[in-house]
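Visitor: Sharing a structure, written as structure tokens. Questions coming.
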Amino acid sequence: MNAPGARGPTDAVPAYYPGCSLDGLGKAYEVTVAQVLRRLGLALDRIVDYNCCGATEVKNLSQEVSVALPARNLALARSMDRHQVVAACNGCVYSLARANDAVADPAMRGRINATLEAGGAPTYDGTASVQHVLEYIYARAGPDRVRAAVRRPLTGLTVAPYYGCLYTRPKRYTGAGRSPETDDPEHPHFLDELLEACGAKVLTDFSAKTICCGGGHALSDLDVSVAFSASILNEAGRAGADLVATICPLGQINIENHLDRIRAAYGEEVVRPVAYFTQLMSLALGASVREARLKDNFSRPDLFLRSRGFA
Amino acid sequence: MPIVEKSLVTVDRTEHLEIEGIDVSGDWNSFLRSRVQVDLDVRVLDWVRSQPQGDTISRCWQCGTCTAGCCLHTDYGLTDFNPRYFIYLAQVGYEEELRKYSSTIWRCVSCNKCVERCPKGVKVEEVVHTIGSYLEATGGAPESPADRFDRAYTENLLRRGILDEADLFRTYERGEGRTMPAREMLRMGLTLLRSGRLRTGPLAHRTRGWRRFGAVLRAKLEEDERRRRESAGAVARAGGGPR
């Protein structure tokens with residue numbers, strides 16, 4: 001069972017698993033996660049030579065490969081003497097935690113370790129817990145420390161907090177709701193509280209909070225993915241949101257990749273700018289619009305924020 | 001042997017699912033009538049249960065919580081996508097009826113609401129994918145766009161250890177016969193290049209020491225796929241369907 005939390009002195013600085021998105025399309029997320037951690041006095045230690053976690057795709061082809069991929073990363077974290085791994089992508093959190101569930105079975109752990117050994121990787125003892133970076137910031141700094149660190153409150157901005165699917169789901173993998181360090185699996189609120197601490201008005205009852213963006217079917221099932229992405233934006237707009245805040249590169253990229261299709265099918269009035277929650281937090285903690293890389297986003301939250309007087 | 005005769009039936013889905021005068025079509029939202037049946041064909045059920053991601057199927061008690069929250073069924077309105085029903089059909093071994101959904105079952109987006117909520121701890125999403133892989137492995141389902149994407153994704157990832165997102169996008173879209181207008185491609189490429197996000201081809205990230213690990217995983221992948229095809233094929237050849 002995944003039970004996040006520090007277990008030893010080295011866990012003061014947990015291992016950080018970036019995943020491929022943060023090293024690629026989600027660069028703005030990576031950069032602003034680092035900014036937010038620095039400004040809150042938190043640190044993470046990057047796993048060197050990590051590999052992609054396999055997300056929700058690989059498991060449909062092979063169970064063992066889908067466990068071995070994340071297990072290699074968890075093993076690397078253990079060889080850094082860490083018991084805690086923090087990831088910023090919902091898909092990564094899911095597949096890393098899923099690997100923990102699988103290797104809880106000794107027979108499976110034996111097979112996975114044989115694979116890791118054959119591939120020249122360290123073996124894995126199954127003792128590294130997984131946490132989303134949102135949960136990490138919430139548990140280690142929390143709304144109070146964020147409030148104290150805010151330099152430029154997001155006053156006047158109404159934000160729809162979008163958590164997506166695999167942040168807490170399923171709890172049997174992620175351990176959601178089982179400790180104060182993990183969010184509520186059905187009605188998560190950590191993001192709400194952190195953004196509120198930044199001075200924004202947060203739509204806590206935002207109805208699309210945890211719906212799906214189409215996930216890995218963004219390209220293979222356009223009808224479904226566009227409809228879901230549009231309904232996230234539409235629900236946000238109906239509730240009066242200026243912006244949508246995301247915590248997952250897949251959600252961010254899916255919505256933004258579909259913007260033209262959404263405009264064509266549902267009209268411009270549905271569209272709202274979408275930004276990683278760390279971009280908004282970084283802005284509140286003193287970074288400029290440029291430093292928070294808000295221009296990176298295809299939905300151009302930079303234009304909107306500048307129009308509201310944020311420089 | 002599971003007790004599966006809680007017939008949850010409205011008859012609009014099919015007219016011919018009667019056994020000894022009792023409707024066993026398993027359709028949603030109707031009467032419950034319990035009966036113990038001992039002559040079901042459980043080969044499909046046994047196969048699903050034998051797969052690493054299908055082992056929780058026998059816990060299912062057909063409450064329908066998965067389907068009530070299913071974002072495809074409920075939010076998107078694709079009522080043909082009914083995980084409870086897929087599981088039911090696999091449980092009672094009604095393969096012919098199951099095959100009617102072979103062009104629907106792949107559309108699960110893996111949002112995992114069903115797994116989250118299942119009161120019995122069925123890993124519904126993984127069970128449904130396992131049932132889908134049975135249909136595909138036995139020729140009952142054409143390879144779906146999602147299968148092709150899973151394959152393209154996995155091949156891409158196993159090459160260097162880290163996904164080359166731009167290459168995956170290019171390869172998959174081309175394979176599906178879709179092309180992006182040159183102007184849009186240029187606009188997107190420039191935006192990504194400017195912000196240092198276009199790490200593709202020779203610029204792509206790679207994991208050090210990946211060659212060896214990747215080769216081991218590739219062999220494992222092939223072995224798993226071959227084993228799945230063979231065992232599912234054996235079940236299908238032996239013949240499913242109700243008696």
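Letters A, B, ... mark the chains of the structure tokens in the order given; residue numbers begin at 1 per chain; ligand numbers begin at 1, in order shown.
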Could you produce a table of the residues of stretch 4-90 of chain A lying within 9 Å of stretch 195-208 of chain B, with the nearest pair of atoms per residue and their separation in Å rounded to one decimal, using only C-alpha atoms, ordered by chain and increasing residue number, as a Markdown table?
Guide:
| residue | atom | partner | partner_atom | distance |
| --- | --- | --- | --- | --- |
| A:Cys20 | CA | B:His205 | CA | 8.6 |
| A:Asp23 | CA | B:Arg197 | CA | 7.7 |
| A:Gly24 | CA | B:Arg197 | CA | 5.0 |
| A:Leu25 | CA | B:Arg197 | CA | 5.3 |
| A:Gly26 | CA | B:Arg197 | CA | 7.7 |
| A:Lys27 | CA | B:Arg197 | CA | 6.4 |
| A:Ala28 | CA | B:Ser195 | CA | 8.7 |
| A:Val48 | CA | B:Thr207 | CA | 8.8 |
| A:Asp49 | CA | B:Thr207 | CA | 5.1 |
| A:Tyr50 | CA | B:Thr207 | CA | 6.4 |
| A:Asn51 | CA | B:Thr207 | CA | 6.0 |
| A:Cys52 | CA | B:Thr207 | CA | 9.0 |
Visitor: With the cut-off set at 7 Å and counting only C-alpha atoms, tabulate each residue of chain A with an atom at most that distance from an atom of chain B, showing the nearest atom pair and its distance in Å to one decimal, ordered by chain and increasing number, as CSV.
Guide:
residue,atom,partner,partner_atom,distance
A:Cys20,CA,B:Ile162,CA,6.0
A:Gly24,CA,B:Arg197,CA,5.0
A:Leu25,CA,B:Arg197,CA,5.3
A:Lys27,CA,B:Arg197,CA,6.4
A:Asp49,CA,B:Thr207,CA,5.1
A:Tyr50,CA,B:Thr207,CA,6.4
A:Asn51,CA,B:Gly161,CA,4.9
A:Cys52,CA,B:Ile162,CA,4.9
A:Glu57,CA,B:Asp150,CA,4.9
A:Val58,CA,B:Thr154,CA,5.8
A:Asn60,CA,B:His129,CA,6.8
A:Leu61,CA,B:Glu225,CA,7.0
A:Ser62,CA,B:Leu221,CA,5.9
A:Gln63,CA,B:Pro52,CA,6.6
A:Val65,CA,B:Leu217,CA,6.0
A:Ala118,CA,B:Val216,CA,6.9
A:Gly119,CA,B:Phe213,CA,3.9
A:Gly120,CA,B:Phe213,CA,6.5
A:Cys165,CA,B:Cys111,CA,5.2
A:Leu166,CA,B:Cys111,CA,6.7
A:Arg169,CA,B:Glu116,CA,5.8
A:Pro170,CA,B:Glu116,CA,4.3
A:Lys171,CA,B:Glu116,CA,6.0
A:Cys212,CA,B:Cys111,CA,5.8
A:Gly214,CA,B:Val109,CA,5.8
A:Gly215,CA,B:Val109,CA,6.1
A:Gly216,CA,B:Val109,CA,6.8
A:His217,CA,B:Val109,CA,6.2
A:Ser220,CA,B:Pro145,CA,5.1
A:Asp296,CA,B:Ser195,CA,6.6
Visitor: For a quick check of understanding, using only C-alpha atoms, which of B:Val128, B:Ser231, B:Ala236, B:Cys70 has the smallest distance to B:Thr56?
Guide: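 Going through B:Val128, B:Ser231, B:Ala236, B:Cys70 one by one, the smallest distance to B:Thr56 is for B:Val128.
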Visitor: With the cut-off set at 12 Å and counting only C-alpha atoms, tabulate each residue of stretch 100-183 of chain A with an atom at most that distance from an atom of stretch 15-18 of chain A, showing the nearest atom pair and its distance in Å to one decimal, ordered by chain and increasing number, as a tab-separated table.
Guide:
residue	atom	partner	partner_atom	distance
A:Ala128	CA	A:Ala15	CA	9.5
A:Ser129	CA	A:Ala15	CA	10.2
A:Val130	CA	A:Ala15	CA	9.6
A:Gln131	CA	A:Tyr16	CA	9.7
A:His132	CA	A:Tyr17	CA	10.0
A:Val133	CA	A:Tyr16	CA	8.9
A:Tyr136	CA	A:Tyr16	CA	10.8
Visitor: Those residues you just picked out, can you put them in a file as a PDB file, in the first residue's frame with N, CA and C atoms?
Guide:
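New file again.pdb:
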ATOM      1  N   ALA A 128       9.231   2.345  -1.721  1.00  0.00           N
ATOM      2  CA  ALA A 128       9.203   3.780  -2.025  1.00  0.00           C
ATOM      3  C   ALA A 128       7.757   4.210  -2.270  1.00  0.00           C
ATOM      4  N   SER A 129       7.267   5.151  -1.471  1.00  0.00           N
ATOM      5  CA  SER A 129       5.894   5.596  -1.680  1.00  0.00           C
ATOM      6  C   SER A 129       5.874   6.738  -2.694  1.00  0.00           C
ATOM      7  N   VAL A 130       4.710   6.972  -3.253  1.00  0.00           N
ATOM      8  CA  VAL A 130       4.582   7.930  -4.352  1.00  0.00           C
ATOM      9  C   VAL A 130       3.609   9.035  -3.970  1.00  0.00           C
ATOM     10  N   GLN A 131       3.969  10.248  -4.298  1.00  0.00           N
ATOM     11  CA  GLN A 131       3.119  11.379  -3.961  1.00  0.00           C
ATOM     12  C   GLN A 131       3.097  12.361  -5.129  1.00  0.00           C
ATOM     13  N   HIS A 132       1.961  12.979  -5.353  1.00  0.00           N
ATOM     14  CA  HIS A 132       1.876  14.032  -6.364  1.00  0.00           C
ATOM     15  C   HIS A 132       2.507  15.304  -5.799  1.00  0.00           C
ATOM     16  N   VAL A 133       3.104  16.104  -6.677  1.00  0.00           N
ATOM     17  CA  VAL A 133       3.792  17.301  -6.191  1.00  0.00           C
ATOM     18  C   VAL A 133       2.815  18.263  -5.498  1.00  0.00           C
ATOM     19  N   TYR A 136       2.579  17.039  -2.102  1.00  0.00           N
ATOM     20  CA  TYR A 136       3.844  17.332  -1.414  1.00  0.00           C
ATOM     21  C   TYR A 136       3.871  18.782  -0.929  1.00  0.00           C
TER      22      TYR A 136
END
Visitor: For A:Ser225, work out the shell of residues within 8 Å, counting only C-alpha atoms and skipping chain neighbours fewer than 3 positions away, then give it as an NGL selection string.
Guide: :A and (213-215 or 217-219 or 221-222 or 228-229 or 254)
Visitor: Kindly save the residues from that selection, with N, CA and C atoms included, as a tab-separated table (two decimals), in the first residue's frame.
Guide:
chain	number	residue	atom	x	y	z
A	213	CYS	N	-10.14	14.03	-19.23
A	213	CYS	CA	-9.86	14.90	-20.37
A	213	CYS	C	-9.77	14.09	-21.65
A	214	GLY	N	-9.94	12.79	-21.55
A	214	GLY	CA	-9.74	11.91	-22.70
A	214	GLY	C	-8.46	11.12	-22.57
A	215	GLY	N	-7.60	11.57	-21.64
A	215	GLY	CA	-6.39	10.84	-21.29
A	215	GLY	C	-5.58	10.40	-22.49
A	217	HIS	N	-6.40	8.77	-24.89
A	217	HIS	CA	-7.15	8.69	-26.14
A	217	HIS	C	-7.24	10.04	-26.86
A	218	ALA	N	-6.38	10.98	-26.47
A	218	ALA	CA	-6.45	12.32	-27.05
A	218	ALA	C	-6.33	12.29	-28.57
A	219	LEU	N	-5.54	11.36	-29.09
A	219	LEU	CA	-5.40	11.28	-30.54
A	219	LEU	C	-6.22	10.14	-31.12
A	221	ASP	N	-9.12	8.81	-30.05
A	221	ASP	CA	-10.57	8.93	-29.98
A	221	ASP	C	-10.93	10.42	-29.85
A	222	LEU	N	-10.75	11.11	-30.97
A	222	LEU	CA	-10.92	12.57	-30.96
A	222	LEU	C	-12.30	13.00	-30.48
A	228	PHE	N	-14.83	15.93	-23.97
A	228	PHE	CA	-14.48	16.06	-22.55
A	228	PHE	C	-13.71	17.36	-22.29
A	229	SER	N	-12.74	17.64	-23.17
A	229	SER	CA	-11.96	18.87	-22.99
A	229	SER	C	-12.87	20.09	-23.06
A	254	ASN	N	-3.84	18.03	-23.53
A	254	ASN	CA	-5.04	17.58	-24.23
A	254	ASN	C	-5.98	18.75	-24.50
Visitor: Among stretch 108-212 of chain B, which ones does DSSP assign to alpha helix (DSSP H) (computed from the backbone)? Answer as a compact mmCIF listing (two decimals) with N, CA and C atoms, in the first residue's frame.
Guide:
# COMPACT_ATOMS: atom_id res chain seq x y z
N LYS B 113 -12.53 5.82 -12.57
CA LYS B 113 -13.59 6.09 -11.60
C LYS B 113 -14.20 4.77 -11.13
N CYS B 114 -14.33 3.83 -12.07
CA CYS B 114 -14.91 2.53 -11.75
C CYS B 114 -14.07 1.77 -10.71
N VAL B 115 -12.74 1.81 -10.90
CA VAL B 115 -11.85 1.11 -9.97
C VAL B 115 -11.93 1.78 -8.59
N GLU B 116 -11.97 3.12 -8.62
CA GLU B 116 -12.05 3.89 -7.40
C GLU B 116 -13.29 3.49 -6.58
N ARG B 117 -14.40 3.34 -7.27
CA ARG B 117 -15.69 3.21 -6.57
C ARG B 117 -16.15 1.78 -6.35
N VAL B 124 -11.96 -2.73 -12.39
CA VAL B 124 -12.86 -2.78 -13.56
C VAL B 124 -12.14 -2.37 -14.84
N GLU B 125 -11.41 -1.26 -14.76
CA GLU B 125 -10.76 -0.75 -15.98
C GLU B 125 -9.82 -1.79 -16.56
N GLU B 126 -9.07 -2.47 -15.70
CA GLU B 126 -8.12 -3.46 -16.19
C GLU B 126 -8.83 -4.72 -16.66
N VAL B 127 -9.93 -5.07 -15.97
CA VAL B 127 -10.71 -6.24 -16.39
C VAL B 127 -11.33 -5.99 -17.77
N VAL B 128 -11.87 -4.79 -17.96
CA VAL B 128 -12.48 -4.47 -19.24
C VAL B 128 -11.43 -4.50 -20.36
N HIS B 129 -10.24 -3.97 -20.08
CA HIS B 129 -9.19 -4.04 -21.08
C HIS B 129 -8.79 -5.50 -21.37
N THR B 130 -8.84 -6.33 -20.32
CA THR B 130 -8.50 -7.75 -20.52
C THR B 130 -9.54 -8.43 -21.40
N ILE B 131 -10.82 -8.13 -21.14
CA ILE B 131 -11.88 -8.69 -21.98
C ILE B 131 -11.68 -8.22 -23.43
N GLY B 132 -11.36 -6.94 -23.58
CA GLY B 132 -11.10 -6.39 -24.91
C GLY B 132 -9.94 -7.10 -25.59
N SER B 133 -8.91 -7.42 -24.79
CA SER B 133 -7.74 -8.06 -25.40
C SER B 133 -8.07 -9.51 -25.79
N TYR B 134 -9.03 -10.12 -25.08
CA TYR B 134 -9.48 -11.45 -25.51
C TYR B 134 -10.13 -11.36 -26.88
N LEU B 135 -11.02 -10.38 -27.03
CA LEU B 135 -11.72 -10.22 -28.31
C LEU B 135 -10.73 -9.94 -29.43
N GLU B 136 -9.75 -9.11 -29.12
CA GLU B 136 -8.79 -8.77 -30.16
C GLU B 136 -7.89 -9.96 -30.50
N ALA B 137 -7.42 -10.65 -29.45
CA ALA B 137 -6.50 -11.76 -29.69
C ALA B 137 -7.16 -12.90 -30.44
N PRO B 145 -8.10 2.01 -32.94
CA PRO B 145 -7.18 3.14 -32.90
C PRO B 145 -6.41 3.20 -31.58
N ALA B 146 -7.09 2.85 -30.47
CA ALA B 146 -6.42 2.90 -29.17
C ALA B 146 -5.33 1.84 -29.08
N ASP B 147 -5.59 0.64 -29.63
CA ASP B 147 -4.55 -0.40 -29.65
C ASP B 147 -3.35 0.08 -30.44
N ARG B 148 -3.64 0.70 -31.58
CA ARG B 148 -2.53 1.18 -32.41
C ARG B 148 -1.75 2.26 -31.68
N PHE B 149 -2.46 3.08 -30.92
CA PHE B 149 -1.76 4.13 -30.16
C PHE B 149 -0.90 3.51 -29.05
N ASP B 150 -1.49 2.54 -28.33
CA ASP B 150 -0.72 1.87 -27.26
C ASP B 150 0.57 1.29 -27.83
N ARG B 151 0.46 0.70 -29.00
CA ARG B 151 1.61 0.07 -29.65
C ARG B 151 2.65 1.12 -30.06
N ALA B 152 2.16 2.19 -30.70
CA ALA B 152 3.07 3.25 -31.14
C ALA B 152 3.78 3.87 -29.93
N TYR B 153 3.02 4.07 -28.88
CA TYR B 153 3.56 4.66 -27.65
C TYR B 153 4.65 3.76 -27.08
N THR B 154 4.33 2.48 -26.96
CA THR B 154 5.26 1.55 -26.32
C THR B 154 6.53 1.40 -27.15
N GLU B 155 6.37 1.28 -28.47
CA GLU B 155 7.56 1.16 -29.33
C GLU B 155 8.44 2.40 -29.21
N ASN B 156 7.81 3.56 -29.23
CA ASN B 156 8.53 4.82 -29.10
C ASN B 156 9.32 4.87 -27.78
N LEU B 157 8.64 4.52 -26.72
CA LEU B 157 9.24 4.56 -25.39
C LEU B 157 10.39 3.57 -25.25
N LEU B 158 10.21 2.37 -25.82
CA LEU B 158 11.24 1.34 -25.65
C LEU B 158 12.51 1.65 -26.46
N ARG B 159 12.40 2.59 -27.38
CA ARG B 159 13.56 2.93 -28.19
C ARG B 159 14.64 3.61 -27.36
N ARG B 160 14.26 4.60 -26.55
CA ARG B 160 15.28 5.37 -25.82
C ARG B 160 15.04 5.44 -24.32
N GLU B 165 7.84 12.77 -27.76
CA GLU B 165 6.42 13.13 -27.95
C GLU B 165 6.12 13.56 -29.38
N ALA B 166 7.00 14.38 -29.93
CA ALA B 166 6.74 14.90 -31.27
C ALA B 166 6.75 13.77 -32.30
N ASP B 167 7.69 12.83 -32.11
CA ASP B 167 7.76 11.71 -33.04
C ASP B 167 6.54 10.80 -32.90
N LEU B 168 6.08 10.60 -31.65
CA LEU B 168 4.89 9.78 -31.44
C LEU B 168 3.69 10.41 -32.15
N PHE B 169 3.55 11.71 -31.98
CA PHE B 169 2.46 12.44 -32.62
C PHE B 169 2.52 12.27 -34.14
N ARG B 170 3.72 12.52 -34.69
CA ARG B 170 3.91 12.41 -36.14
C ARG B 170 3.59 11.00 -36.64
N THR B 171 4.23 10.00 -36.00
CA THR B 171 4.09 8.63 -36.46
C THR B 171 2.64 8.16 -36.37
N TYR B 172 2.01 8.44 -35.23
CA TYR B 172 0.65 7.95 -35.05
C TYR B 172 -0.31 8.61 -36.03
N GLU B 173 -0.22 9.94 -36.13
CA GLU B 173 -1.14 10.65 -37.01
C GLU B 173 -0.97 10.21 -38.46
N ARG B 174 0.28 10.00 -38.86
CA ARG B 174 0.51 9.55 -40.23
C ARG B 174 -0.10 8.16 -40.43
N GLY B 175 0.10 7.28 -39.45
CA GLY B 175 -0.46 5.94 -39.53
C GLY B 175 -1.98 5.94 -39.65
N ALA B 182 0.23 22.23 -43.20
CA ALA B 182 1.63 22.63 -43.06
C ALA B 182 1.78 23.89 -42.22
N ARG B 183 0.83 24.82 -42.39
CA ARG B 183 0.95 26.09 -41.67
C ARG B 183 0.80 25.90 -40.17
N GLU B 184 -0.17 25.04 -39.82
CA GLU B 184 -0.42 24.79 -38.40
C GLU B 184 0.79 24.08 -37.78
N MET B 185 1.35 23.12 -38.56
CA MET B 185 2.52 22.37 -38.11
C MET B 185 3.68 23.33 -37.84
N LEU B 186 3.88 24.26 -38.77
CA LEU B 186 4.97 25.22 -38.66
C LEU B 186 4.79 26.10 -37.43
N ARG B 187 3.53 26.55 -37.26
CA ARG B 187 3.23 27.44 -36.13
C ARG B 187 3.51 26.72 -34.81
N MET B 188 3.04 25.47 -34.72
CA MET B 188 3.22 24.70 -33.51
C MET B 188 4.70 24.42 -33.28
N GLY B 189 5.38 24.00 -34.36
CA GLY B 189 6.80 23.66 -34.26
C GLY B 189 7.62 24.84 -33.77
N LEU B 190 7.32 26.02 -34.32
CA LEU B 190 8.07 27.22 -33.94
C LEU B 190 7.84 27.56 -32.47
N THR B 191 6.57 27.49 -32.06
CA THR B 191 6.25 27.79 -30.66
C THR B 191 7.03 26.87 -29.73
N LEU B 192 7.04 25.58 -30.08
CA LEU B 192 7.71 24.60 -29.22
C LEU B 192 9.22 24.78 -29.24
N LEU B 193 9.73 25.07 -30.44
CA LEU B 193 11.18 25.24 -30.60
C LEU B 193 11.66 26.43 -29.78
N ARG B 194 10.90 27.53 -29.86
CA ARG B 194 11.27 28.76 -29.18
C ARG B 194 11.35 28.55 -27.67
N TRP B 210 20.19 2.44 -21.60
CA TRP B 210 18.87 1.94 -21.94
C TRP B 210 18.91 0.74 -22.87
N ARG B 211 19.95 0.68 -23.72
CA ARG B 211 19.98 -0.35 -24.75
C ARG B 211 19.70 -1.74 -24.15
N ARG B 212 20.39 -2.03 -23.05
CA ARG B 212 20.27 -3.34 -22.43
C ARG B 212 18.88 -3.54 -21.81
Visitor: To one decimal place in Å, what is the distance between atom CA of A:Gly237 and atom CA of A:Leu203?
Guide: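 If I compute the distance from atom CA of A:Gly237 to atom CA of A:Leu203, I get 10.8 Å.
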Visitor: Report the distance between atom CA of B:Val42 and atom CA of B:Gln91 in Å, rounded to one decimal place.
Guide: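 These two atoms are separated by 6.7 Å.
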Visitor: Fewer than 5 positions away in the same chain doesn't count, so skip those; otherwise give me all residues within 9 Å of stretch 93-95 of chain A, counting only C-alpha atoms, as a list in words.
Guide: Cys53, Gly54, Ala55, Thr56, Ser66, Val67, Leu69, Pro70, Val86, Ala87, Ala88, Asn100, Val130, Gln131, His132, Leu166, Tyr167, Thr168, Arg169, Pro170, Tyr173 and Thr174 of chain A
Visitor: Kindly export the residues of the current selection with N, CA and C atoms, as a tab-separated table (two decimals), in the first residue's frame.
Guide:
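Result saved to result-v5.tsv:
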chain	number	residue	atom	x	y	z
A	53	CYS	N	7.42	6.22	-17.59
A	53	CYS	CA	6.71	5.30	-16.70
A	53	CYS	C	5.74	4.38	-17.40
A	54	GLY	N	5.45	4.64	-18.67
A	54	GLY	CA	4.52	3.77	-19.39
A	54	GLY	C	3.07	4.22	-19.31
A	55	ALA	N	2.79	5.21	-18.46
A	55	ALA	CA	1.46	5.81	-18.32
A	55	ALA	C	0.35	4.75	-18.33
A	56	THR	N	-0.73	4.99	-19.07
A	56	THR	CA	-1.81	4.00	-19.09
A	56	THR	C	-1.77	3.16	-20.37
A	66	SER	N	4.75	-3.17	-17.96
A	66	SER	CA	4.13	-1.98	-17.37
A	66	SER	C	4.48	-1.81	-15.90
A	67	VAL	N	4.93	-2.86	-15.25
A	67	VAL	CA	5.37	-2.75	-13.86
A	67	VAL	C	6.88	-2.50	-13.81
A	69	LEU	N	8.79	-0.90	-15.90
A	69	LEU	CA	9.17	0.48	-16.26
A	69	LEU	C	9.15	1.40	-15.05
A	70	PRO	N	8.01	1.53	-14.35
A	70	PRO	CA	8.04	2.38	-13.15
A	70	PRO	C	8.90	1.81	-12.03
A	86	VAL	N	8.31	11.91	-5.50
A	86	VAL	CA	7.32	12.92	-5.86
A	86	VAL	C	7.29	13.07	-7.38
A	87	ALA	N	6.09	13.02	-7.95
A	87	ALA	CA	5.94	13.20	-9.39
A	87	ALA	C	4.92	14.30	-9.65
A	88	ALA	N	5.03	14.96	-10.79
A	88	ALA	CA	4.15	16.10	-11.05
A	88	ALA	C	3.04	15.76	-12.03
A	100	ASN	N	3.81	-0.26	-7.31
A	100	ASN	CA	3.93	-0.63	-5.90
A	100	ASN	C	2.89	-1.68	-5.51
A	130	VAL	N	4.71	6.97	-3.25
A	130	VAL	CA	4.58	7.93	-4.35
A	130	VAL	C	3.61	9.03	-3.97
A	131	GLN	N	3.97	10.25	-4.30
A	131	GLN	CA	3.12	11.38	-3.96
A	131	GLN	C	3.10	12.36	-5.13
A	132	HIS	N	1.96	12.98	-5.35
A	132	HIS	CA	1.88	14.03	-6.36
A	132	HIS	C	2.51	15.30	-5.80
A	166	LEU	N	-6.26	10.77	-12.61
A	166	LEU	CA	-5.41	9.82	-11.91
A	166	LEU	C	-4.61	10.44	-10.77
A	167	TYR	N	-4.96	11.64	-10.37
A	167	TYR	CA	-4.30	12.29	-9.24
A	167	TYR	C	-4.51	11.48	-7.97
A	168	THR	N	-5.74	11.13	-7.72
A	168	THR	CA	-6.04	10.30	-6.56
A	168	THR	C	-6.55	8.92	-6.94
A	169	ARG	N	-7.03	8.79	-8.16
A	169	ARG	CA	-7.69	7.55	-8.54
A	169	ARG	C	-6.72	6.53	-9.10
A	170	PRO	N	-6.92	5.26	-8.86
A	170	PRO	CA	-7.81	4.75	-7.83
A	170	PRO	C	-7.09	4.69	-6.48
A	173	TYR	N	-4.44	2.17	-5.42
A	173	TYR	CA	-3.05	2.37	-5.87
A	173	TYR	C	-2.42	3.57	-5.20
A	174	THR	N	-3.13	4.70	-5.20
A	174	THR	CA	-2.51	5.95	-4.76
A	174	THR	C	-2.54	6.13	-3.24
Visitor: Where does DSSP see strand (DSSP E or B) in stretch 16-265 of chain A, if you list the residues as a ChimeraX atom specification?
Guide: /A:16-17,45-46,84-87,129-132,158-162,201-202,243-246
